[in-house]
Amino acid sequence: MKKTITKNEFINEFKSVRPENFSYEGLDALFEYFEELEEMGVDEFEFDPIAICCEFSEYDSAIEIASQYFDFEGMHFDEEGNETETVEEVEEKALEFLREHTLVIEFQGRVIIQDF
């Protein structure tokens, strides 16, 4: 037995079960991602907020995520502390790194990744 849920139901259920995992904007982006997959012919998903929270994470920037694996925050400074790259350039490098290793959903300057 299956039930189709609306975006509002998706967001409201998340906010009642796991209110701190994703922002409203992040939940909107996740819902759109899942809908696009279904439209492309991928099997329907069982709506399980806990499983989704275990599989996906939201961050303020790609630099924040990539810094967990490498020193991306320090990449745009030389040994004397002078900037060699803009924050935007480092952010794009971090996004490239993430795209090579996992699913990346970008929205409103923020990022959701499928944890790896």
# chains A, B, ... in the order shown; residues from 1 in each chain; ligands from 1

$ closest_atom_pairs --of "region 79-110 of chain A" --to "region 28-42 of chain A" --cutoff "10 Å" --atoms "only C-alpha atoms" --output "JSON lines"
{"residue": "A:Ile105", "atom": "CA", "partner": "A:Ala29", "partner_atom": "CA", "distance": 7.3}
{"residue": "A:Glu106", "atom": "CA", "partner": "A:Ala29", "partner_atom": "CA", "distance": 8.0}
{"residue": "A:Phe107", "atom": "CA", "partner": "A:Ala29", "partner_atom": "CA", "distance": 6.7}
{"residue": "A:Gln108", "atom": "CA", "partner": "A:Ala29", "partner_atom": "CA", "distance": 9.5}

$ write_last_selection --atoms "C-alpha atoms" --output "PDB file, in the first residue's frame"
ATOM      1  CA  ILE A 105      22.347  18.959  -3.902  1.00  0.00           C
ATOM      2  CA  GLU A 106      23.025  22.707  -4.050  1.00  0.00           C
ATOM      3  CA  PHE A 107      20.419  25.258  -3.000  1.00  0.00           C
ATOM      4  CA  GLN A 108      20.429  28.861  -1.855  1.00  0.00           C
TER       5      GLN A 108
END

$ residues_around --residues "Ser23 (chain A)" --least-positions-apart "6" --cutoff "12 Å" --atoms "only C-alpha atoms" --output "JSON, numbers by chain"
{"A": [11, 12, 14, 15, 29, 30, 57, 58, 59, 60, 107, 108, 110, 111, 112]}

$ atom_distance --atom1 "CA of Asp115 (chain A)" --atom2 "CA of Ala66 (chain A)"
11.8 Å

$ closest_residue --among "A:Phe97, A:Leu103, A:Val90, A:Ile5" --to "Phe47 (chain A)" --atoms "only C-alpha atoms"
A:Ile5

$ atom_distance --atom1 "CA of Asp43 (chain A)" --atom2 "CA of Lys7 (chain A)"
18.3 Å

$ select_by_dssp --residues "chain A" --states "alpha helix (DSSP H)" --output "PyMOL selection string"
chain A and resi 7-17+24-39+49-55+62-66+87-101
